file run_38.cif (mmCIF, C-alpha atoms)
data_input
#
loop_
_atom_site.label_atom_id
_atom_site.label_comp_id
_atom_site.auth_asym_id
_atom_site.auth_seq_id
_atom_site.Cartn_x
_atom_site.Cartn_y
_atom_site.Cartn_z
CA MET A 1 -18.59 140.67 60.61
CA ARG A 2 -20.47 143.95 61.09
CA ASN A 3 -23.16 142.15 63.13
CA LEU A 4 -20.49 140.54 65.30
CA PHE A 5 -18.93 143.96 65.91
CA ALA A 6 -22.33 145.50 66.78
CA ALA A 7 -23.09 142.60 69.12
CA GLY A 8 -19.73 143.10 70.83
CA ILE A 9 -20.42 146.80 71.36
CA ALA A 10 -23.90 146.05 72.66
CA SER A 11 -22.52 143.48 75.10
CA ALA A 12 -19.93 145.94 76.33
CA LEU A 13 -22.57 148.60 76.84
CA MET A 14 -24.89 146.23 78.69
CA ALA A 15 -22.08 144.99 80.94
CA GLY A 16 -20.11 148.18 81.49
CA ALA A 17 -20.17 151.84 82.31
CA ALA A 18 -23.48 152.57 80.57
CA PHE A 19 -25.20 151.92 83.89
CA ALA A 20 -25.03 154.04 87.03
CA ASP A 21 -28.43 154.32 88.68
CA GLY A 22 -31.12 151.69 88.77
CA LEU A 23 -34.68 150.92 89.76
CA ALA A 24 -35.94 148.57 92.44
CA ILE A 25 -39.51 147.50 91.63
CA THR A 26 -41.46 145.78 94.41
CA VAL A 27 -44.06 143.55 92.74
CA ASP A 28 -47.20 142.10 94.33
CA GLY A 29 -49.91 139.77 93.02
CA GLU A 30 -49.22 136.33 91.59
CA ALA A 31 -45.59 137.45 91.52
CA GLN A 32 -44.09 138.71 94.75
CA GLY A 33 -40.65 140.16 95.23
CA THR A 34 -38.30 142.74 93.80
CA ILE A 35 -37.01 143.28 90.28
CA LYS A 36 -33.77 145.27 90.14
CA ILE A 37 -32.87 147.08 86.94
CA ASP A 38 -29.64 148.82 85.95
CA LEU A 39 -30.48 151.90 83.89
CA ALA A 40 -28.61 152.70 80.67
CA GLU A 41 -28.03 156.41 81.26
CA ASP A 42 -25.32 156.65 78.59
CA VAL A 43 -27.54 154.96 75.98
CA ALA A 44 -30.88 156.71 76.59
CA PRO A 45 -30.33 159.70 78.90
CA ALA A 46 -33.70 161.40 78.35
CA HIS A 47 -35.71 158.20 78.80
CA VAL A 48 -33.75 157.17 81.89
CA ALA A 49 -34.24 160.65 83.37
CA ARG A 50 -37.99 160.27 82.79
CA LEU A 51 -38.11 156.87 84.53
CA LYS A 52 -36.19 158.27 87.48
CA GLU A 53 -38.40 161.36 87.68
CA LEU A 54 -41.60 159.30 87.69
CA ALA A 55 -40.19 156.80 90.20
CA THR A 56 -38.94 159.53 92.54
CA SER A 57 -42.32 161.28 92.48
CA GLY A 58 -44.12 158.02 93.34
CA ALA A 59 -46.05 158.06 90.04
CA TYR A 60 -45.25 154.38 89.35
CA ASP A 61 -46.36 153.16 92.79
CA GLY A 62 -49.50 151.04 92.44
CA VAL A 63 -49.37 150.78 88.63
CA VAL A 64 -50.40 147.41 87.16
CA PHE A 65 -48.75 145.17 84.60
CA HIS A 66 -51.54 145.61 82.05
CA ARG A 67 -50.10 143.73 79.05
CA VAL A 68 -48.23 140.48 79.66
CA ILE A 69 -47.49 138.10 76.80
CA ASP A 70 -45.98 134.74 77.72
CA GLY A 71 -42.61 134.22 76.05
CA PHE A 72 -42.42 137.89 75.04
CA MET A 73 -42.73 140.68 77.62
CA ALA A 74 -44.51 142.30 80.59
CA GLN A 75 -45.63 145.91 80.11
CA THR A 76 -46.44 148.47 82.82
CA GLY A 77 -46.00 152.14 83.59
CA ASP A 78 -49.32 153.71 82.56
CA VAL A 79 -49.45 156.27 85.37
CA GLU A 80 -52.63 157.82 83.94
CA PHE A 81 -54.93 154.79 83.59
CA GLY A 82 -53.01 151.94 85.22
CA LYS A 83 -53.36 152.52 88.97
CA ALA A 84 -54.47 149.42 90.87
CA GLY A 85 -57.75 149.80 92.71
CA GLY A 86 -59.21 152.04 90.03
CA ASP A 87 -60.72 151.36 86.64
CA THR A 88 -57.78 149.89 84.72
CA GLY A 89 -59.89 149.16 81.63
CA ARG A 90 -57.98 151.85 79.71
CA ALA A 91 -54.55 150.83 81.04
CA GLY A 92 -52.04 151.00 78.22
CA MET A 93 -53.67 154.02 76.58
CA GLY A 94 -52.18 156.68 78.84
CA GLY A 95 -48.95 158.16 80.01
CA SER A 96 -47.84 160.92 82.32
CA ASP A 97 -48.58 164.63 82.13
CA LEU A 98 -45.04 165.13 80.80
CA PRO A 99 -44.33 165.49 77.06
CA ASP A 100 -43.50 162.48 74.88
CA LEU A 101 -39.82 161.79 74.27
CA PRO A 102 -37.83 161.64 71.04
CA ALA A 103 -36.49 158.15 70.31
CA GLU A 104 -33.03 157.20 71.58
CA PHE A 105 -32.48 154.00 69.59
CA SER A 106 -29.30 151.96 70.04
CA ASP A 107 -27.67 148.76 68.86
CA ILE A 108 -28.52 146.94 72.10
CA ALA A 109 -30.49 143.78 71.38
CA PHE A 110 -33.82 143.01 73.02
CA ASP A 111 -32.76 139.90 74.93
CA ARG A 112 -34.15 138.35 78.12
CA GLY A 113 -34.28 140.94 80.91
CA VAL A 114 -33.82 143.99 78.67
CA VAL A 115 -36.11 146.91 79.50
CA GLY A 116 -37.54 149.04 76.70
CA MET A 117 -39.85 152.02 76.45
CA ALA A 118 -43.32 151.38 75.07
CA ARG A 119 -44.62 153.74 72.40
CA SER A 120 -47.33 154.14 69.78
CA GLN A 121 -46.63 153.93 66.05
CA SER A 122 -44.65 157.16 66.24
CA PRO A 123 -41.02 156.51 67.23
CA ASP A 124 -41.10 159.75 69.25
CA SER A 125 -44.09 158.87 71.44
CA ALA A 126 -42.56 157.12 74.49
CA ASN A 127 -43.75 158.67 77.72
CA SER A 128 -44.07 156.59 80.91
CA GLN A 129 -44.80 153.00 79.89
CA PHE A 130 -42.07 150.39 79.69
CA PHE A 131 -41.72 146.67 79.16
CA ILE A 132 -39.40 143.91 80.36
CA MET A 133 -38.49 141.05 78.05
CA PHE A 134 -39.20 137.44 79.10
CA ASP A 135 -37.19 136.22 76.12
CA GLN A 136 -35.43 137.69 73.11
CA GLY A 137 -37.42 139.84 70.72
CA HIS A 138 -34.87 140.91 68.15
CA PHE A 139 -37.59 142.17 65.81
CA LEU A 140 -37.78 145.15 68.22
CA ASN A 141 -34.08 145.99 67.78
CA GLY A 142 -33.48 149.55 66.63
CA GLN A 143 -37.20 150.37 66.83
CA TYR A 144 -37.69 150.86 70.57
CA THR A 145 -35.52 152.65 73.11
CA VAL A 146 -33.57 150.38 75.47
CA VAL A 147 -33.41 151.87 78.97
CA GLY A 148 -31.89 149.10 81.06
CA LYS A 149 -31.51 145.47 82.02
CA VAL A 150 -32.74 143.32 84.91
CA THR A 151 -29.89 142.38 87.24
CA GLU A 152 -31.94 140.62 89.94
CA GLY A 153 -35.45 139.24 90.14
CA LEU A 154 -35.90 137.38 86.85
CA ASP A 155 -37.80 134.80 88.90
CA VAL A 156 -40.21 137.55 89.99
CA LEU A 157 -40.57 138.69 86.38
CA ASP A 158 -41.30 135.11 85.29
CA ALA A 159 -44.08 134.80 87.88
CA ILE A 160 -46.05 137.90 86.77
CA LYS A 161 -49.67 137.09 85.89
CA ARG A 162 -50.03 136.48 82.16
CA GLY A 163 -52.58 138.11 79.93
CA THR A 164 -54.69 136.44 77.27
CA GLY A 165 -55.37 136.93 73.61
CA GLY A 166 -53.12 138.43 70.99
CA ASN A 167 -52.59 141.68 72.87
CA GLY A 168 -51.84 140.04 76.24
CA ALA A 169 -54.44 142.06 78.17
CA VAL A 170 -54.51 140.97 81.80
CA SER A 171 -58.02 140.31 83.10
CA GLY A 172 -59.18 140.16 86.68
CA THR A 173 -56.63 141.52 89.11
CA PRO A 174 -53.28 142.22 87.42
CA ASP A 175 -49.99 142.15 89.29
CA ARG A 176 -48.77 145.60 90.24
CA MET A 177 -45.70 147.62 91.09
CA VAL A 178 -46.28 148.37 94.77
CA GLU A 179 -43.27 150.67 94.93
CA VAL A 180 -40.60 151.81 92.48
CA LYS A 181 -37.43 153.35 93.92
CA VAL A 182 -34.36 154.80 92.28
CA THR A 183 -31.18 153.09 93.47
CA GLU A 184 -27.49 153.90 93.06
#

call {"tool": "encode", "arguments": {"input": "run_38.cif", "output": "C-alpha cells"}}
result
Amino acid sequence: MRNLFAAGIASALMAGAAFADGLAITVDGEAQGTIKIDLAEDVAPAHVARLKELATSGAYDGVVFHRVIDGFMAQTGDVEFGKAGGDTGRAGMGGSDLPDLPAEFSDIAFDRGVVGMARSQSPDSANSQFFIMFDQGHFLNGQYTVVGKVTEGLDVLDAIKRGTGGNGAVSGTPDRMVEVKVTE
C-alpha cells in the first residue's frame, strides 16, 4: 500500500504543479529535432536553477551526448570536456566551474522520459551533466536527483546515436545539443 501511495504522489508531481519552466534542446547528428523538457522546480530547486543558469549562459550549446546506452539512457551536459569540435575524449569527466550540488532526491520514479542529474559515487556531486531515460530504470530511484520529464521529442531522443560497450561511450561523431533554451 505504501508503494501505491508513493507512486500516486510521484504521478501527481510529474503531472502537476511541480513544473513551471522547461528546456528546449535542439539536437543534431543522427538524431535531429527538439526535445522539450518540463523542469521539476518544486522537486529539485537547486538542480533546476543550475540547468537554467547553464542553459541561459549558452554553456550547454554544442555539448555532445557522450554516453548513450540502448534501452537505458542518453547522457550529456559535460560543459568542460564535452564540446563538439574539440577533443571529447574526456567527455563525462568534467562539469562546470560552479560548485557541486547537494542531492535533492525524491520519490519520483525513473521512467521513460525522466531526466536525472548525473553524479559520481558521492550523492552530493551533481554539477552540469544530466541524462534522459529511454526506458525505466527503477534501480536509480532515490539515488539520483530527478529534474524533469520529456514532454515532446521522445522520437528525437530515441534516434540519438548509441554508444558501445558496457559504459555506452559514443565513438566517432556523437550527436550534440546545438542549442539549449529555457522556456516558460

call {"tool": "axis_aligned_box", "arguments": {"input": "run_38.cif", "around": "range 160-168 of chain A", "padding_each_side": "6 Å", "output": "AutoDock Vina command-line options"}}
result
--center_x -50.7 --center_y 139.1 --center_z 78.9 --size_x 21.3 --size_y 17.2 --size_z 27.8

call {"tool": "resolve_selection", "arguments": {"input": "run_38.cif", "expression": "the PyMOL selection byres ((chain A and resi 183) around 10)", "output": "ChimeraX atom specification"}}
result
/A:20-24,36-39,52,180-182,184

call {"tool": "closest_residue", "arguments": {"input": "run_38.cif", "among": "A:Lys161, A:Met73, A:Ser122, A:Gly153", "to": "Gly137 in chain A", "atoms": "only C-alpha atoms"}}
result
A:Met73

call {"tool": "resolve_selection", "arguments": {"input": "run_38.cif", "expression": "the PyMOL selection byres ((chain A and resi 65) around 12)", "output": "PyMOL selection string"}}
result
chain A and resi 25+27-31+60-64+66-69+73-79+81-84+88+91-92+129-132+157+159-163+168-178

call {"tool": "resolve_selection", "arguments": {"input": "run_38.cif", "expression": "the PyMOL selection byres ((chain A and resi 119) around 10)", "output": "MDAnalysis selection string"}}
result
chainID A and resid 92:93 95 100:101 103 116:118 120:130 143:145

call {"tool": "atom_distance", "arguments": {"input": "run_38.cif", "atom1": "CA of Thr56 in chain A", "atom2": "CA of Lys149 in chain A"}}
result
19.1 Å

call {"tool": "atom_distance", "arguments": {"input": "run_38.cif", "atom1": "CA of Leu98 in chain A", "atom2": "CA of Glu179 in chain A"}}
result
20.3 Å

call {"tool": "atom_distance", "arguments": {"input": "run_38.cif", "atom1": "CA of Thr26 in chain A", "atom2": "CA of Asp97 in chain A"}}
result
23.6 Å

call {"tool": "closest_residue", "arguments": {"input": "run_38.cif", "among": "A:Gly165, A:Gly86, A:Pro102, A:Gly113", "to": "Gly148 in chain A", "atoms": "only C-alpha atoms"}}
result
A:Gly113

call {"tool": "closest_residue", "arguments": {"input": "run_38.cif", "among": "A:Val48, A:Asp70, A:Val156, A:Arg90", "to": "Gln136 in chain A", "atoms": "only C-alpha atoms"}}
result
A:Asp70
